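The structure file start08.txt is reproduced below (compact mmCIF, C-alpha atoms).
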# COMPACT_ATOMS: atom_id res chain seq x y z
CA MET A 1 63.78 143.52 150.46
CA THR A 2 64.55 146.67 152.44
CA LEU A 3 65.53 147.10 156.09
CA GLU A 4 65.57 150.51 157.76
CA ARG A 5 67.95 151.10 160.67
CA PRO A 6 68.72 147.39 161.06
CA SER A 7 71.04 146.03 163.70
CA ILE A 8 74.55 145.27 162.48
CA VAL A 9 73.81 141.53 162.59
CA ASP A 10 70.55 141.89 160.67
CA ALA A 11 72.29 144.10 158.12
CA ARG A 12 75.02 141.47 157.67
CA ASP A 13 72.48 138.71 157.16
CA ALA A 14 70.51 140.75 154.63
CA VAL A 15 73.64 141.63 152.62
CA ALA A 16 74.88 138.03 152.73
CA ASP A 17 71.52 136.74 151.51
CA GLY A 18 71.50 139.27 148.68
CA ILE A 19 75.00 138.32 147.56
CA ASP A 20 74.17 134.60 147.69
CA ARG A 21 71.12 134.95 145.46
CA GLY A 22 72.78 137.31 142.97
CA ALA A 23 70.82 140.41 143.92
CA LEU A 24 71.77 144.06 143.56
CA VAL A 25 72.63 145.08 147.13
CA THR A 26 72.79 148.63 148.45
CA VAL A 27 73.79 149.91 151.90
CA PHE A 28 73.50 153.48 153.16
CA GLY A 29 75.06 154.74 156.36
CA ARG A 30 78.15 156.20 157.98
CA CYS A 31 81.30 154.41 156.93
CA THR A 32 85.01 154.55 156.25
CA VAL A 33 86.55 153.32 153.00
CA GLU A 34 89.97 151.84 152.34
CA TYR A 35 91.41 150.81 149.00
CA ASP A 36 94.65 148.96 148.37
CA GLY A 37 95.86 147.87 144.95
CA ARG A 38 97.49 149.84 142.14
CA ALA A 39 97.55 152.68 144.67
CA SER A 40 96.21 153.20 148.18
CA SER A 41 93.49 155.53 149.45
CA THR A 42 91.48 156.18 152.59
CA LEU A 43 88.19 157.96 153.22
CA ASP A 44 87.40 158.97 156.79
CA ALA A 45 83.92 158.59 158.23
CA GLY A 46 81.11 159.97 156.10
CA ASP A 47 77.53 159.23 154.99
CA ARG A 48 77.77 157.14 151.83
CA HIS A 49 75.79 154.83 149.58
CA VAL A 50 77.48 151.56 148.62
CA MET A 51 76.25 149.36 145.78
CA LEU A 52 77.32 145.76 145.24
CA LYS A 53 76.34 144.40 141.83
CA PRO A 54 75.91 140.71 141.04
CA ASP A 55 78.58 140.95 138.30
CA GLY A 56 81.16 141.80 140.98
CA ALA A 57 81.24 145.57 140.56
CA ALA A 58 81.26 147.74 143.70
CA LEU A 59 80.49 151.48 143.83
CA VAL A 60 80.84 153.97 146.69
CA HIS A 61 78.83 157.20 146.25
CA THR A 62 78.63 160.39 148.29
CA ASP A 63 75.87 163.00 148.08
CA GLU A 64 77.72 164.93 145.35
CA GLY A 65 78.62 164.29 141.73
CA GLN A 66 77.74 161.51 139.33
CA GLN A 67 80.91 159.45 139.69
CA PRO A 68 81.65 157.10 142.60
CA VAL A 69 84.41 158.23 144.96
CA ASN A 70 85.74 154.67 144.89
CA TRP A 71 84.85 151.56 142.98
CA GLN A 72 85.80 148.06 141.90
CA PRO A 73 85.16 146.68 138.40
CA PRO A 74 83.06 143.61 137.49
CA GLY A 75 84.66 140.29 138.37
CA CYS A 76 85.34 140.97 142.04
CA ASP A 77 84.23 138.77 144.93
CA HIS A 78 81.99 140.38 147.56
CA GLU A 79 82.10 139.37 151.21
CA VAL A 80 80.28 140.68 154.27
CA SER A 81 81.00 140.22 157.96
CA CYS A 82 80.64 141.76 161.42
CA GLU A 83 83.75 143.00 163.19
CA ARG A 84 84.41 143.95 166.77
CA ARG A 85 86.92 146.78 167.02
CA ASP A 86 88.63 148.72 169.76
CA ALA A 87 86.35 151.65 170.55
CA ASP A 88 89.30 153.88 171.48
CA ALA A 89 90.57 153.63 167.91
CA ASP A 90 87.28 155.11 166.67
CA ARG A 91 86.70 157.69 169.41
CA SER A 92 86.78 160.70 167.08
CA ASP A 93 84.35 158.99 164.72
CA ALA A 94 82.01 158.22 167.63
CA ALA A 95 82.03 161.89 168.61
CA GLU A 96 80.93 162.78 165.07
CA ASN A 97 78.01 160.42 165.35
CA ALA A 98 76.85 161.52 168.82
CA GLY A 99 73.13 162.03 168.90
CA GLY A 100 72.60 160.10 165.64
CA THR A 101 69.91 157.56 164.93
CA GLY A 102 72.10 154.88 163.41
CA THR A 103 72.79 151.36 164.60
CA GLU A 104 76.28 151.54 166.01
CA THR A 105 76.76 148.94 168.74
CA GLU A 106 79.20 149.59 171.57
CA THR A 107 79.88 147.30 174.51
CA GLU A 108 80.78 149.42 177.52
CA THR A 109 82.36 146.62 179.49
CA THR A 110 84.73 145.55 176.75
CA GLY A 111 85.27 148.93 175.08
CA THR A 112 84.55 147.50 171.63
CA THR A 113 82.31 148.56 168.75
CA GLU A 114 80.59 146.34 166.22
CA THR A 115 80.84 147.23 162.53
CA LEU A 116 79.39 145.92 159.29
CA THR A 117 82.29 145.20 156.94
CA LEU A 118 81.92 144.94 153.16
CA GLU A 119 84.89 143.67 151.20
CA SER A 120 85.33 143.56 147.43
CA VAL A 121 88.41 141.67 146.25
CA ARG A 122 89.94 141.37 142.80
CA SER A 123 92.77 138.92 142.12
CA THR A 124 94.16 140.16 138.77
CA PRO A 125 95.45 142.71 139.49
CA ASP A 126 95.42 142.36 143.26
CA GLU A 127 92.95 144.97 144.59
CA ARG A 128 90.90 145.25 147.76
CA LEU A 129 88.10 147.66 148.66
CA LEU A 130 87.10 147.63 152.33
CA VAL A 131 84.06 149.52 153.65
CA ARG A 132 83.27 149.59 157.38
CA PHE A 133 79.85 150.80 158.52
CA ARG A 134 79.37 151.83 162.15
CA ASN A 135 75.87 153.15 161.43
CA VAL A 136 73.58 151.44 158.94
CA LEU A 137 70.46 153.39 158.04
CA GLN A 138 69.21 151.21 155.21
CA VAL A 139 69.96 147.93 153.45
CA SER A 140 68.19 146.88 150.25
CA ALA A 141 68.50 143.90 147.92
CA PHE A 142 66.83 143.80 144.51
CA SER A 143 66.52 140.81 142.22
CA GLY A 144 65.95 141.56 138.56
CA THR A 145 67.15 141.09 135.01
CA ASP A 146 67.86 143.48 132.13
CA GLU A 147 68.66 141.82 128.82
CA THR A 148 68.33 144.94 126.71
CA GLU A 149 71.21 147.05 125.43
CA LEU A 150 71.30 150.84 125.44
CA ALA A 151 69.78 152.23 122.27
CA LEU A 152 71.03 155.73 121.52
CA SER A 153 68.82 158.18 119.70
CA GLY A 154 69.23 161.81 118.83
CA THR A 155 72.95 161.48 118.07
CA GLU A 156 75.06 163.52 115.65
CA GLU A 157 75.04 160.47 113.38
CA ASP A 158 71.22 160.66 113.34
CA LEU A 159 71.49 164.32 112.36
CA ARG A 160 74.03 163.53 109.63
CA GLN A 161 71.87 160.76 108.18
CA ARG A 162 68.80 162.97 108.24
CA LEU A 163 70.58 165.61 106.15
CA LEU A 164 72.05 163.05 103.76
CA ASP A 165 68.58 161.57 103.23
CA GLU A 166 66.93 164.98 102.83
CA PRO A 167 69.53 167.58 101.75
CA ASP A 168 66.81 170.19 101.20
CA LEU A 169 66.40 170.36 104.97
CA LEU A 170 69.59 172.42 104.92
CA GLU A 171 68.46 174.49 101.95
CA PRO A 172 66.98 173.84 98.50
CA GLY A 173 69.66 172.78 96.01
CA PHE A 174 72.24 171.64 98.58
CA THR A 175 74.24 168.60 97.39
CA PRO A 176 76.28 166.57 99.90
CA LEU A 177 79.57 165.41 98.37
CA ALA A 178 81.45 163.81 101.27
CA THR A 179 81.37 163.15 105.00
CA GLU A 180 84.31 163.40 107.40
CA ARG A 181 86.44 165.25 104.84
CA ASP A 182 89.89 165.86 106.30
CA THR A 183 91.34 169.35 106.65
CA ALA A 184 94.27 170.75 108.56
CA ALA A 185 91.80 171.74 111.29
CA GLY A 186 90.10 168.35 111.51
CA ALA A 187 87.36 166.36 109.78
CA ILE A 188 84.35 168.21 108.35
CA ASP A 189 81.02 166.57 109.18
CA ILE A 190 79.45 167.17 105.75
CA TYR A 191 81.16 168.72 102.72
CA GLY A 192 79.00 169.78 99.79
CA GLU A 193 77.89 172.43 97.30
CA ASP A 194 74.96 174.81 97.14
CA ASP A 195 72.85 175.43 94.02
CA ALA A 196 75.30 178.15 92.92
CA GLY A 197 78.28 175.77 93.02
CA ARG A 198 79.79 177.28 96.16
CA THR A 199 81.55 175.02 98.65
CA VAL A 200 79.62 174.40 101.86
CA VAL A 201 81.07 173.22 105.18
CA VAL A 202 78.43 171.80 107.54
CA GLU A 203 79.16 171.33 111.24
CA LEU A 204 76.64 169.18 113.13
CA LYS A 205 75.73 169.36 116.81
CA ARG A 206 72.97 167.35 118.45
CA ARG A 207 72.20 169.85 121.21
CA ARG A 208 72.20 173.57 122.00
CA VAL A 209 75.69 174.99 121.46
CA GLY A 210 77.75 178.05 122.32
CA PRO A 211 80.78 179.96 121.01
CA ASP A 212 83.06 176.89 120.90
CA ALA A 213 81.02 175.35 118.08
CA VAL A 214 81.23 178.60 116.11
CA SER A 215 85.01 178.71 116.54
CA GLN A 216 85.26 175.10 115.38
CA LEU A 217 83.24 175.82 112.24
CA ARG A 218 85.33 178.89 111.49
CA ARG A 219 88.54 176.85 111.70
CA TYR A 220 87.15 174.34 109.21
CA VAL A 221 86.08 177.07 106.80
CA ASP A 222 89.49 178.78 107.00
CA ALA A 223 91.37 175.50 106.57
CA LEU A 224 89.30 174.43 103.57
CA GLY A 225 89.64 177.90 102.06
CA ARG A 226 93.42 177.51 102.13
CA ASP A 227 93.14 174.11 100.41
CA LEU A 228 90.98 175.37 97.52
CA HIS A 229 91.81 177.81 94.74
CA ALA A 230 91.99 181.47 95.61
CA ASP A 231 88.66 182.39 94.01
CA ALA A 232 86.68 179.71 95.84
CA THR A 233 83.85 180.83 98.11
CA VAL A 234 83.41 178.70 101.22
CA ARG A 235 80.20 178.91 103.23
CA GLY A 236 80.05 177.64 106.79
CA ILE A 237 76.74 176.38 108.21
CA LEU A 238 76.25 175.29 111.81
CA VAL A 239 73.38 172.82 112.24
CA ALA A 240 72.01 172.28 115.75
CA PRO A 241 68.70 172.43 117.62
CA SER A 242 69.61 175.90 118.96
CA VAL A 243 72.49 178.24 119.79
CA THR A 244 73.20 180.71 122.57
CA ASP A 245 72.87 184.45 122.00
CA ARG A 246 76.64 184.86 122.08
CA ALA A 247 77.09 182.12 119.51
CA LYS A 248 74.51 183.82 117.29
CA ARG A 249 76.46 187.09 117.45
CA LEU A 250 79.72 185.32 116.59
CA LEU A 251 78.13 183.61 113.60
CA THR A 252 77.12 187.01 112.23
CA GLU A 253 80.53 188.55 112.92
CA HIS A 254 82.34 185.76 111.03
CA GLY A 255 79.87 185.52 108.15
CA LEU A 256 78.72 182.05 109.13
CA GLU A 257 75.19 180.66 109.07
CA PHE A 258 72.92 178.68 111.35
CA ILE A 259 70.16 176.16 110.63
CA SER A 260 67.96 174.89 113.44
CA LEU A 261 67.41 171.15 113.07
CA GLU A 262 66.80 168.29 115.50
CA PRO A 263 68.65 164.95 115.08
CA THR A 264 65.36 163.14 114.50
CA ALA A 265 62.04 164.29 113.11
CA THR A 266 59.56 165.45 115.74
Structure encoded using structure tokens:
Amino acid sequence: MTLERPSIVDARDAVADGIDRGALVTVFGRCTVEYDGRASSTLDAGDRHVMLKPDGAALVHTDEGQQPVNWQPPGCDHEVSCERRDADADRSDAAENAGGTGTETETETTGTTETLTLESVRSTPDERLLVRFRNVLQVSAFSGTDETELALSGTEEDLRQRLLDEPDLLEPGFTPLATERDTAAGAIDIYGEDDAGRTVVVELKRRRVGPDAVSQLRRYVDALGRDLHADATVRGILVAPSVTDRAKRLLTEHGLEFISLEPTAT
């Protein structure tokens, strides 16, 4: 169910119906946001997208970034209502919205405005998120289920397991001896030997990498070199789908190597 530019009353009824039947409810329009709980915060009027989830979570998004500017966790209670407020208190906000196409309602004789109010309340700890819409451009409510869990693929663990299963993908004669071997610089992804008996440090990355990955590998090689006997030769190999040009230059400068390999076979 979707309503475009509904009246405040129609928007309230649509949100209330969505909450009652456990739907995912979204509202887009011009609103203010207030939060009171472990701290306090206020957002002045702006165009925002608010999502109320049936598990009690509430999210307030702007047109920038991936994170909500304010939110409530699952377990909250959602409520919706219409409020009549003193128009003089919102005069500056009204000026911002002059000429808009929203659904703000103002009664000239009483000097009041009507707002759609969304409230998300959590009892432990005591938190309250209050969103007031003076203009509602769209209300939607979606009923659905999703019983599946996120299945990750193409992880560094996939890449590690691929090399452990097929060591020759690194190079013929490579023998893995340990994973997550501790050094003073941190844990090495794969520790092993080449066909000449030289120690090999393998650093795994699941995506294209830059100079930071090269510096990390160099620290591991240097740390392991200090742990082994003086005559030991330690090779460092960076394994990733690809590297930047600068990373490639640094690998050459430090005598390190690169193998292009995807986490999973393609």
(request) Tell me, as a list in words, which residues lie within 6 Å of stretch 44-46 of chain A, counting only C-alpha atoms; anything in the same chain fewer than 4 positions away does not count. (result) Arg30, Cys31 and Thr32 of chain A
(request) Mind checking which residues fall within 9 Å of stretch 20-28 of chain A, counting all atoms listed in the file, ignoring those fewer than 5 positions away in the same chain, and posting them as a ChimeraX atom specification? (result) /A:11,14-15,47-55,133,135-144
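The protein and nucleic acid residues lying at most 6 Å from A:Glu193 are A:Phe174, A:Thr175, A:Thr199, A:Val200, with all atoms listed in the file considered and sequence neighbours fewer than 6 positions away removed.
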Save out the residues we just selected, C-alpha atoms, as a PDB file, in the coordinates of the input.
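This is the output file out-v5.pdb:
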ATOM      1  CA  PHE A 174      72.240 171.640  98.580  1.00  0.00           C
ATOM      2  CA  THR A 175      74.240 168.600  97.390  1.00  0.00           C
ATOM      3  CA  THR A 199      81.550 175.020  98.650  1.00  0.00           C
ATOM      4  CA  VAL A 200      79.620 174.400 101.860  1.00  0.00           C
TER       5      VAL A 200
END
So that I can check the surroundings of stretch 204-208 of chain A, please list as a tab-separated table (two decimals) with C-alpha atoms, in the coordinates of the input every protein, DNA and RNA residue that reaches within 9 Å of it, counting all atoms listed in the file and ignoring chain neighbours fewer than 6 positions away.
chain	number	residue	atom	x	y	z
A	154	GLY	CA	69.23	161.81	118.83
A	155	THR	CA	72.95	161.48	118.07
A	156	GLU	CA	75.06	163.52	115.65
A	157	GLU	CA	75.04	160.47	113.38
A	158	ASP	CA	71.22	160.66	113.34
A	159	LEU	CA	71.49	164.32	112.36
A	160	ARG	CA	74.03	163.53	109.63
A	189	ASP	CA	81.02	166.57	109.18
A	190	ILE	CA	79.45	167.17	105.75
A	237	ILE	CA	76.74	176.38	108.21
A	238	LEU	CA	76.25	175.29	111.81
A	239	VAL	CA	73.38	172.82	112.24
A	240	ALA	CA	72.01	172.28	115.75
A	241	PRO	CA	68.70	172.43	117.62
A	242	SER	CA	69.61	175.90	118.96
A	243	VAL	CA	72.49	178.24	119.79
A	244	THR	CA	73.20	180.71	122.57
A	261	LEU	CA	67.41	171.15	113.07
A	262	GLU	CA	66.80	168.29	115.50
A	263	PRO	CA	68.65	164.95	115.08
(request) May I ask which of the residues A:Thr264, A:Glu34, A:Arg226, A:Pro73 is the closest one to A:Ala184, counting all atoms listed in the file? (result)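 Comparing A:Thr264, A:Glu34, A:Arg226, A:Pro73 against A:Ala184, the winner is A:Arg226.
Counting all atoms listed in the file, the residue from A:Leu118, A:Asp10, A:Trp71, A:Arg218 that sits nearest to A:Ser41 is A:Trp71.
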(request) Show me as a list in words the residues that reach within 12 Å of (95.0, 141.3, 139.0), counting only C-alpha atoms and using the file's own coordinates. (result) Gly37, Arg38, Gln72, Pro73, Gly75, Cys76, Val121, Arg122, Ser123, Thr124, Pro125, Asp126, Glu127 and Arg128 of chain A
(request) Mind giving me the straight-line distance from atom CA of A:Gly236 to atom CA of A:Leu251 in Å, one decimal? (result)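 Straight-line distance from atom CA of A:Gly236 to atom CA of A:Leu251 works out to 9.3 Å.
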(request) Can you work out the spacing between atom CA of A:Ser40 and atom CA of A:Cys82 in Å, to one decimal? (result)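 So the two atoms, atom CA of A:Ser40 and atom CA of A:Cys82, lie 23.4 Å apart.
In this model, the gap between atom CA of A:Pro176 and atom CA of A:Tyr191 comes to 6.0 Å.
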(message) Please determine, counting all atoms listed in the file, which residue among A:Val131, A:Leu116, A:Ala58, A:Met1 has the shortest atom-to-atom distance to A:Tyr35.
(response) A:Val131
(message) Nearest residue to A:Arg219 out of A:Val234, A:Asp245, A:Asn70, A:Ala185, using all atoms listed in the file?
(response) A:Ala185
(request) Would you please work out which residue, of A:Glu83, A:Asp63, A:Asp36, A:Pro74, is nearest to A:Val9 when using all atoms listed in the file? (result)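 Nearest candidate to A:Val9 out of A:Glu83, A:Asp63, A:Asp36, A:Pro74: A:Glu83.
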(request) Kindly indicate which residue among A:Leu170, A:Leu217, A:Ile188, A:Val33 lies nearest to A:Leu130, using only C-alpha atoms for the distances. (result) A:Val33
Please produce stretch 20-40 of chain A, completed to N, CA and C atoms, as a compact mmCIF listing (two decimals), in the coordinates of the input.
# COMPACT_ATOMS: atom_id res chain seq x y z
N ASP A 20 74.34 136.03 148.01
CA ASP A 20 74.17 134.60 147.69
C ASP A 20 73.18 134.38 146.56
N ARG A 21 72.13 135.19 146.51
CA ARG A 21 71.12 134.95 145.46
C ARG A 21 71.30 135.86 144.25
N GLY A 22 72.47 136.52 144.15
CA GLY A 22 72.78 137.31 142.97
C GLY A 22 71.94 138.56 142.83
N ALA A 23 71.63 139.20 143.94
CA ALA A 23 70.82 140.41 143.92
C ALA A 23 71.72 141.65 143.84
N LEU A 24 71.11 142.76 143.49
CA LEU A 24 71.77 144.06 143.56
C LEU A 24 71.59 144.58 144.98
N VAL A 25 72.69 144.74 145.71
CA VAL A 25 72.63 145.08 147.13
C VAL A 25 73.12 146.52 147.35
N THR A 26 72.37 147.28 148.12
CA THR A 26 72.79 148.63 148.45
C THR A 26 72.76 148.82 149.97
N VAL A 27 73.72 149.60 150.46
CA VAL A 27 73.79 149.91 151.90
C VAL A 27 74.05 151.40 152.04
N PHE A 28 73.28 152.07 152.88
CA PHE A 28 73.50 153.48 153.16
C PHE A 28 73.74 153.67 154.64
N GLY A 29 74.76 154.45 154.96
CA GLY A 29 75.06 154.74 156.36
C GLY A 29 76.39 155.45 156.48
N ARG A 30 76.88 155.51 157.72
CA ARG A 30 78.15 156.20 157.98
C ARG A 30 79.26 155.17 157.96
N CYS A 31 80.27 155.43 157.14
CA CYS A 31 81.30 154.41 156.93
C CYS A 31 82.65 155.04 156.63
N THR A 32 83.68 154.22 156.74
CA THR A 32 85.01 154.55 156.25
C THR A 32 85.31 153.64 155.07
N VAL A 33 86.23 154.09 154.20
CA VAL A 33 86.55 153.32 153.00
C VAL A 33 88.06 153.24 152.85
N GLU A 34 88.55 152.04 152.59
CA GLU A 34 89.97 151.84 152.34
C GLU A 34 90.14 151.07 151.03
N TYR A 35 91.09 151.51 150.25
CA TYR A 35 91.41 150.81 149.00
C TYR A 35 92.90 150.53 148.96
N ASP A 36 93.24 149.32 148.52
CA ASP A 36 94.65 148.96 148.37
C ASP A 36 94.78 148.14 147.09
N GLY A 37 95.68 148.56 146.22
CA GLY A 37 95.86 147.87 144.95
C GLY A 37 96.93 148.57 144.14
N ARG A 38 96.54 149.10 142.97
CA ARG A 38 97.49 149.84 142.14
C ARG A 38 97.98 151.10 142.84
N ALA A 39 97.18 151.57 143.79
CA ALA A 39 97.55 152.68 144.67
C ALA A 39 96.86 152.40 145.99
N SER A 40 96.90 153.36 146.90
CA SER A 40 96.21 153.20 148.18
C SER A 40 95.45 154.49 148.48
